[in-house]
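File shown here: work-v1.cif, holding mmCIF, C-alpha atoms.
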data_input
loop_
_atom_site.group_PDB
_atom_site.id
_atom_site.type_symbol
_atom_site.label_atom_id
_atom_site.label_comp_id
_atom_site.auth_asym_id
_atom_site.auth_seq_id
_atom_site.Cartn_x
_atom_site.Cartn_y
_atom_site.Cartn_z
ATOM 1 C CA MET A 1 39.154 -29.504 6.690
ATOM 2 C CA VAL A 2 39.310 -29.801 2.898
ATOM 3 C CA ARG A 3 36.626 -32.475 3.048
ATOM 4 C CA ASP A 4 34.418 -30.303 5.265
ATOM 5 C CA HIS A 5 34.963 -27.373 2.911
ATOM 6 C CA LYS A 6 33.842 -29.469 -0.088
ATOM 7 C CA MET A 7 30.780 -30.659 1.832
ATOM 8 C CA ASN A 8 29.831 -27.042 2.649
ATOM 9 C CA ILE A 9 30.138 -26.036 -1.004
ATOM 10 C CA SER A 10 28.059 -29.046 -2.024
ATOM 11 C CA GLY A 11 25.419 -28.172 0.560
ATOM 12 C CA ILE A 12 25.237 -24.563 -0.599
ATOM 13 C CA ALA A 13 24.933 -25.694 -4.224
ATOM 14 C CA ASN A 14 22.056 -28.021 -3.303
ATOM 15 C CA CYS A 15 20.291 -25.208 -1.424
ATOM 16 C CA VAL A 16 20.652 -22.867 -4.413
ATOM 17 C CA TRP A 17 19.264 -25.560 -6.733
ATOM 18 C CA VAL A 18 16.263 -26.173 -4.448
ATOM 19 C CA LEU A 19 15.531 -22.460 -4.133
ATOM 20 C CA SER A 20 15.737 -22.073 -7.923
ATOM 21 C CA VAL A 21 13.255 -24.906 -8.485
ATOM 22 C CA VAL A 22 10.865 -23.496 -5.869
ATOM 23 C CA SER A 23 11.102 -20.054 -7.456
ATOM 24 C CA LEU A 24 10.283 -21.465 -10.888
ATOM 25 C CA LEU A 25 7.323 -23.407 -9.531
ATOM 26 C CA VAL A 26 5.946 -20.381 -7.688
ATOM 27 C CA GLY A 27 6.377 -18.245 -10.779
ATOM 28 C CA SER A 28 4.625 -20.897 -12.849
ATOM 29 C CA VAL A 29 1.669 -21.011 -10.478
ATOM 30 C CA GLN A 30 1.386 -17.242 -10.379
ATOM 31 C CA GLY A 31 1.800 -16.951 -14.136
ATOM 32 C CA ARG A 32 -0.956 -19.439 -14.849
ATOM 33 C CA ARG A 33 -3.642 -17.821 -12.736
ATOM 34 C CA SER A 34 -6.326 -15.525 -14.074
ATOM 35 C CA PHE A 35 -5.278 -12.099 -15.306
ATOM 36 C CA ALA A 36 -8.793 -10.918 -16.124
ATOM 37 C CA ALA A 37 -9.773 -7.770 -14.215
ATOM 38 C CA VAL A 38 -13.464 -8.346 -14.932
ATOM 39 C CA LYS A 39 -15.357 -11.587 -14.346
ATOM 40 C CA LYS A 40 -16.129 -13.601 -17.468
ATOM 41 C CA PRO A 41 -19.742 -13.073 -18.641
ATOM 42 C CA ASP A 42 -22.279 -15.855 -19.007
ATOM 43 C CA PRO A 43 -21.568 -17.749 -22.289
ATOM 44 C CA LYS A 44 -25.214 -17.205 -23.232
ATOM 45 C CA ASN A 45 -24.490 -13.485 -23.542
ATOM 46 C CA ALA A 46 -22.510 -13.467 -26.790
ATOM 47 C CA ALA A 47 -22.085 -9.689 -27.053
ATOM 48 C CA ALA A 48 -20.836 -9.322 -23.476
ATOM 49 C CA THR A 49 -18.423 -12.246 -23.898
ATOM 50 C CA ALA A 50 -17.040 -10.785 -27.121
ATOM 51 C CA ARG A 51 -16.486 -7.356 -25.569
ATOM 52 C CA TRP A 52 -14.935 -8.977 -22.483
ATOM 53 C CA LEU A 53 -12.471 -10.946 -24.618
ATOM 54 C CA VAL A 54 -11.349 -7.845 -26.486
ATOM 55 C CA SER A 55 -11.144 -5.535 -23.482
ATOM 56 C CA GLN A 56 -9.245 -7.940 -21.226
ATOM 57 C CA ASN A 57 -6.672 -9.143 -23.756
ATOM 58 C CA SER A 58 -3.543 -7.259 -24.752
ATOM 59 C CA TRP A 59 -2.436 -9.155 -27.874
ATOM 60 C CA GLY A 60 -3.709 -11.316 -30.701
ATOM 61 C CA VAL A 61 -2.946 -12.477 -34.244
ATOM 62 C CA LEU A 62 -3.544 -9.867 -36.944
ATOM 63 C CA ASN A 63 -3.964 -11.351 -40.409
ATOM 64 C CA THR A 64 -3.434 -9.436 -43.641
ATOM 65 C CA LEU A 65 -3.114 -10.408 -47.298
ATOM 66 C CA SER A 66 0.450 -10.480 -48.574
ATOM 67 C CA ALA A 67 1.186 -9.333 -52.113
ATOM 68 C CA GLU A 68 4.681 -10.772 -51.788
ATOM 69 C CA LEU A 69 3.160 -14.168 -51.057
ATOM 70 C CA GLY A 70 0.761 -13.983 -53.976
ATOM 71 C CA GLY A 71 -2.181 -12.840 -51.872
ATOM 72 C CA ALA A 72 -1.739 -15.531 -49.218
ATOM 73 C CA PRO A 73 -2.789 -14.669 -45.645
ATOM 74 C CA PHE A 74 -0.028 -13.482 -43.323
ATOM 75 C CA GLY A 75 -0.563 -13.707 -39.562
ATOM 76 C CA ASN A 76 1.405 -11.596 -37.116
ATOM 77 C CA VAL A 77 1.322 -11.408 -33.298
ATOM 78 C CA VAL A 78 0.569 -7.790 -32.354
ATOM 79 C CA SER A 79 -0.296 -5.794 -29.253
ATOM 80 C CA PHE A 80 -3.503 -3.781 -29.167
ATOM 81 C CA SER A 81 -5.998 -1.868 -27.046
ATOM 82 C CA ASP A 82 -9.677 -1.101 -27.485
ATOM 83 C CA GLY A 83 -9.624 1.959 -25.226
ATOM 84 C CA GLU A 84 -8.297 3.502 -22.046
ATOM 85 C CA PRO A 85 -8.806 1.500 -18.823
ATOM 86 C CA GLY A 86 -12.529 1.197 -18.115
ATOM 87 C CA LYS A 87 -13.404 3.011 -21.357
ATOM 88 C CA GLY A 88 -13.000 0.288 -23.981
ATOM 89 C CA ALA A 89 -15.238 0.747 -27.017
ATOM 90 C CA GLY A 90 -14.605 -2.626 -28.676
ATOM 91 C CA VAL A 91 -12.597 -1.332 -31.649
ATOM 92 C CA PRO A 92 -9.009 -2.675 -31.677
ATOM 93 C CA TYR A 93 -6.259 -0.097 -32.159
ATOM 94 C CA PHE A 94 -2.694 -1.016 -33.095
ATOM 95 C CA TYR A 95 0.685 0.745 -33.126
ATOM 96 C CA LEU A 96 2.381 -0.384 -36.325
ATOM 97 C CA THR A 97 5.340 0.514 -38.520
ATOM 98 C CA THR A 98 5.647 0.110 -42.282
ATOM 99 C CA LEU A 99 8.961 -1.606 -41.611
ATOM 100 C CA ASP A 100 6.755 -4.575 -40.687
ATOM 101 C CA PRO A 101 4.867 -6.629 -43.326
ATOM 102 C CA THR A 102 1.489 -6.181 -41.573
ATOM 103 C CA ALA A 103 1.312 -2.420 -42.168
ATOM 104 C CA GLN A 104 2.805 -2.811 -45.639
ATOM 105 C CA ASN A 105 0.105 -5.307 -46.550
ATOM 106 C CA ALA A 106 -2.703 -3.138 -45.157
ATOM 107 C CA LEU A 107 -1.635 -0.159 -47.241
ATOM 108 C CA LYS A 108 -2.050 -2.296 -50.367
ATOM 109 C CA ASP A 109 -5.112 -4.300 -49.303
ATOM 110 C CA GLN A 110 -7.078 -3.300 -46.206
ATOM 111 C CA ARG A 111 -8.868 -6.631 -45.810
ATOM 112 C CA SER A 112 -7.826 -8.077 -42.465
ATOM 113 C CA SER A 113 -8.898 -10.220 -39.540
ATOM 114 C CA PHE A 114 -7.881 -10.226 -35.888
ATOM 115 C CA THR A 115 -8.053 -13.319 -33.683
ATOM 116 C CA ILE A 116 -8.028 -13.331 -29.867
ATOM 117 C CA SER A 117 -8.170 -16.254 -27.429
ATOM 118 C CA GLU A 118 -9.336 -16.412 -23.831
ATOM 119 C CA TYR A 119 -6.455 -18.740 -22.971
ATOM 120 C CA PRO A 120 -3.837 -16.044 -22.177
ATOM 121 C CA LEU A 121 -6.186 -14.635 -19.527
ATOM 122 C CA GLY A 122 -5.850 -17.834 -17.497
ATOM 123 C CA THR A 123 -9.620 -18.317 -17.191
ATOM 124 C CA CYS A 124 -9.915 -21.514 -19.247
ATOM 125 C CA GLY A 125 -9.055 -23.779 -16.320
ATOM 126 C CA LYS A 126 -7.653 -27.064 -17.628
ATOM 127 C CA ALA A 127 -9.362 -26.718 -21.010
ATOM 128 C CA ASP A 128 -7.236 -26.784 -24.163
ATOM 129 C CA PRO A 129 -7.193 -23.499 -26.149
ATOM 130 C CA GLU A 130 -9.162 -25.245 -28.918
ATOM 131 C CA ASN A 131 -11.867 -26.422 -26.502
ATOM 132 C CA PRO A 132 -15.132 -24.521 -27.249
ATOM 133 C CA THR A 133 -15.462 -23.534 -23.580
ATOM 134 C CA CYS A 134 -12.216 -21.555 -23.925
ATOM 135 C CA ALA A 135 -13.629 -18.588 -25.849
ATOM 136 C CA LYS A 136 -12.105 -17.250 -29.024
ATOM 137 C CA ILE A 137 -13.100 -14.463 -31.384
ATOM 138 C CA THR A 138 -12.147 -13.375 -34.901
ATOM 139 C CA LEU A 139 -12.985 -9.838 -35.984
ATOM 140 C CA THR A 140 -12.924 -9.378 -39.751
ATOM 141 C CA GLY A 141 -12.877 -6.057 -41.548
ATOM 142 C CA LYS A 142 -10.504 -3.398 -42.868
ATOM 143 C CA LEU A 143 -7.222 -2.344 -41.276
ATOM 144 C CA ILE A 144 -6.813 1.397 -41.803
ATOM 145 C CA SER A 145 -4.398 4.048 -40.574
ATOM 146 C CA VAL A 146 -5.753 6.791 -38.308
ATOM 147 C CA ASP A 147 -4.916 10.449 -38.988
ATOM 148 C CA GLU A 148 -2.066 11.016 -36.538
ATOM 149 C CA LYS A 149 -3.195 14.608 -35.850
ATOM 150 C CA SER A 150 -6.785 13.618 -35.006
ATOM 151 C CA LYS A 151 -8.317 13.348 -31.547
ATOM 152 C CA GLU A 152 -9.030 9.688 -32.304
ATOM 153 C CA ALA A 153 -5.308 9.012 -32.797
ATOM 154 C CA GLU A 154 -4.458 10.859 -29.583
ATOM 155 C CA SER A 155 -7.035 8.844 -27.632
ATOM 156 C CA ALA A 156 -5.811 5.613 -29.244
ATOM 157 C CA ARG A 157 -2.195 6.363 -28.327
ATOM 158 C CA ASN A 158 -3.229 7.022 -24.722
ATOM 159 C CA ALA A 159 -5.083 3.698 -24.667
ATOM 160 C CA LEU A 160 -2.199 1.797 -26.242
ATOM 161 C CA PHE A 161 0.447 3.359 -23.992
ATOM 162 C CA ALA A 162 -1.661 2.683 -20.898
ATOM 163 C CA LYS A 163 -1.801 -1.028 -21.696
ATOM 164 C CA HIS A 164 1.665 -1.224 -23.279
ATOM 165 C CA PRO A 165 3.978 1.355 -21.599
ATOM 166 C CA GLU A 166 6.981 0.095 -23.566
ATOM 167 C CA MET A 167 5.502 1.527 -26.751
ATOM 168 C CA LYS A 168 6.346 5.080 -25.641
ATOM 169 C CA GLY A 169 10.029 4.291 -26.026
ATOM 170 C CA TRP A 170 9.879 2.620 -29.409
ATOM 171 C CA PRO A 171 12.240 4.231 -31.992
ATOM 172 C CA LYS A 172 10.842 7.464 -33.442
ATOM 173 C CA GLY A 173 12.677 6.786 -36.671
ATOM 174 C CA HIS A 174 10.576 3.679 -37.268
ATOM 175 C CA ASP A 175 7.545 5.889 -37.846
ATOM 176 C CA PHE A 176 5.032 3.972 -35.729
ATOM 177 C CA GLN A 177 1.446 5.019 -36.419
ATOM 178 C CA VAL A 178 -1.989 4.191 -35.096
ATOM 179 C CA TYR A 179 -4.120 1.760 -37.074
ATOM 180 C CA LYS A 180 -7.569 0.432 -36.321
ATOM 181 C CA LEU A 181 -9.708 -2.454 -37.483
ATOM 182 C CA VAL A 182 -13.036 -1.353 -38.922
ATOM 183 C CA ILE A 183 -15.116 -4.394 -38.011
ATOM 184 C CA LYS A 184 -17.413 -5.907 -40.633
ATOM 185 C CA ASP A 185 -18.000 -9.403 -39.236
ATOM 186 C CA ILE A 186 -17.639 -11.274 -35.950
ATOM 187 C CA PHE A 187 -16.930 -14.971 -35.393
ATOM 188 C CA LEU A 188 -17.292 -16.000 -31.751
ATOM 189 C CA ILE A 189 -17.147 -19.389 -30.045
ATOM 190 C CA ASP A 190 -17.557 -19.446 -26.273
ATOM 191 C CA TRP A 191 -19.377 -22.758 -25.715
ATOM 192 C CA PHE A 192 -20.475 -25.935 -27.464
ATOM 193 C CA GLY A 193 -22.863 -25.637 -30.388
ATOM 194 C CA GLY A 194 -20.866 -23.694 -32.948
ATOM 195 C CA PRO A 195 -20.322 -19.964 -33.472
ATOM 196 C CA LYS A 196 -22.692 -17.536 -31.748
ATOM 197 C CA PRO A 197 -24.766 -15.213 -33.930
ATOM 198 C CA LEU A 198 -23.575 -11.671 -33.222
ATOM 199 C CA THR A 199 -23.872 -8.536 -35.313
ATOM 200 C CA VAL A 200 -21.331 -5.731 -35.283
ATOM 201 C CA ASP A 201 -24.017 -3.346 -34.060
ATOM 202 C CA GLU A 202 -24.885 -5.592 -31.101
ATOM 203 C CA TYR A 203 -21.213 -5.923 -30.268
ATOM 204 C CA LEU A 204 -20.422 -2.212 -30.340
ATOM 205 C CA LYS A 205 -23.524 -1.152 -28.394
ATOM 206 C CA THR A 206 -22.905 -3.542 -25.498
ATOM 207 C CA LYS A 207 -21.773 -1.794 -22.316
ATOM 208 C CA MET A 208 -18.749 -3.214 -20.546
ATOM 209 C CA SER A 209 -18.605 -3.594 -16.774
ATOM 210 C CA LEU A 210 -15.898 -1.519 -15.106
ATOM 211 C CA PRO A 211 -12.936 -3.470 -13.681
ATOM 212 C CA THR A 212 -13.776 -4.107 -10.050
ATOM 213 C CA TYR A 213 -11.416 -6.896 -9.064
ATOM 214 C CA ARG A 214 -8.754 -9.291 -10.281
ATOM 215 C CA ASP A 215 -9.963 -12.880 -10.266
ATOM 216 C CA LYS A 216 -7.129 -15.137 -9.064
ATOM 217 C CA SER A 217 -9.252 -18.133 -8.217
ATOM 218 C CA VAL A 218 -8.445 -20.152 -11.319
ATOM 219 C CA ASP A 219 -5.387 -22.363 -11.039
ATOM 220 C CA ILE A 220 -4.732 -24.793 -13.868
ATOM 221 C CA LEU A 221 -1.824 -26.651 -12.256
#

Any chance you could give the structure as structure tokens?
Amino acid sequence: MVRDHKMNISGIANCVWVLSVVSLLVGSVQGRRSFAAVKKPDPKNAAATARWLVSQNSWGVLNTLSAELGGAPFGNVVSFSDGEPGKGAGVPYFYLTTLDPTAQNALKDQRSSFTISEYPLGTCGKADPENPTCAKITLTGKLISVDEKSKEAESARNALFAKHPEMKGWPKGHDFQVYKLVIKDIFLIDWFGGPKPLTVDEYLKTKMSLPTYRDKSVDIL
């Protein structure tokens, strides 16, 4: 009976292990599919691709100039939104605190850049993030705070909280405020042949397609 009892325990343990592995694999497959709600534009359409990248992503690397590091660039992973769902305008808004170096740096020197990759969306297939076919964009300009009592700040908060619900519960005492990147230059690579020529005016005037479906056809396993 003792032997049978040990065999039952061993069998249960093996079943649990198998189920755990299967669960991890399923989660991996689901996590590496496309998260884009709008189909990727034709690479020939630089403005549409740029707006698509910004509207579909939820985070990127925000770079500022650090006085503490002698003016060296300081990159920080931050969440952002360019507008409420289906109403993105292309301008990235951030919810930052001066307890963090990024906001501290911007208050001393507004020069900043913001880099976003297509890779997190799961639409690059098997391509490496550095592969030109896996689009990436860097928006360069000035990182400025938005008047917290303005309609722009209210709209930005709604957009940020819609994409990042957790933000609503962030500590009030940390004095989070809305910042935005005033874009002065755009660097976009979405195919072979180097960066695509794209002006800020062309970028901002491009109309985005409304989210109509979630593309789950891309599986990079």

Non-local contacts of stretch 107-120 of chain A (7 Å; only C-alpha atoms; under 3 positions in same chain excluded) as a PyMOL selection string: chain A and resi 53+60-65+103-104+123-124+129+134-144

From A:Gly125, A:Phe176, A:Val200, A:Phe161, residue lying nearest A:Glu148 [all atoms listed in the file]: A:Phe176

Matched chain/residue IDs from the PyMOL selection byres ((chain A and resi 86-88) around 10), as a count of residues only: 21

Residues within 10 Å of A:Pro197, only C-alpha atoms, excluding chain neighbours under 6 positions, as a ChimeraX atom specification: /A:46-47,186-189

Residue neighbourhood A:Trp59, 8 Å, all atoms listed in the file, exclusion window fewer than 2 positions, as a count of residues only: 7

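Residue nearest A:Asp100, chosen from A:Ser150, A:Ser58, A:Thr199, A:Gln177 and counting only C-alpha atoms: A:Gln177.
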
Counting all atoms listed in the file, the option among A:Phe94, A:Phe192, A:Tyr203, A:Phe74 closest to A:Lys44: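 Using all atoms listed in the file, A:Lys44 sits closest to A:Phe192.
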
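Atom CA of A:Lys184 sits 20.3 Å away from atom CA of A:Ala72.
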
Residue nearest A:Pro132 - candidates A:Lys163, A:Gly75, A:Trp191, A:Gly173, atoms counted: only C-alpha atoms: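 Of the candidates, the smallest distance to A:Pro132 is held by A:Trp191.
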
Which of A:Lys196, A:Lys180, A:Lys40, A:His174 sits closest to A:Thr98 [using only C-alpha atoms]: A:His174

Separation of atom CA of A:Met167 from atom CA of A:Tyr93, in Å and rounded to one decimal: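 Atom-to-atom, atom CA of A:Met167 to atom CA of A:Tyr93, that is 13.0 Å.
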
Atom pair atom CA of A:Pro195 / atom CA of A:Pro43: separation (Å): 11.5 Å

Pick from A:Trp170, A:Asn131, A:Lys205, A:Val178, whichever lies nearest to A:Ser155 using all atoms listed in the file: A:Val178
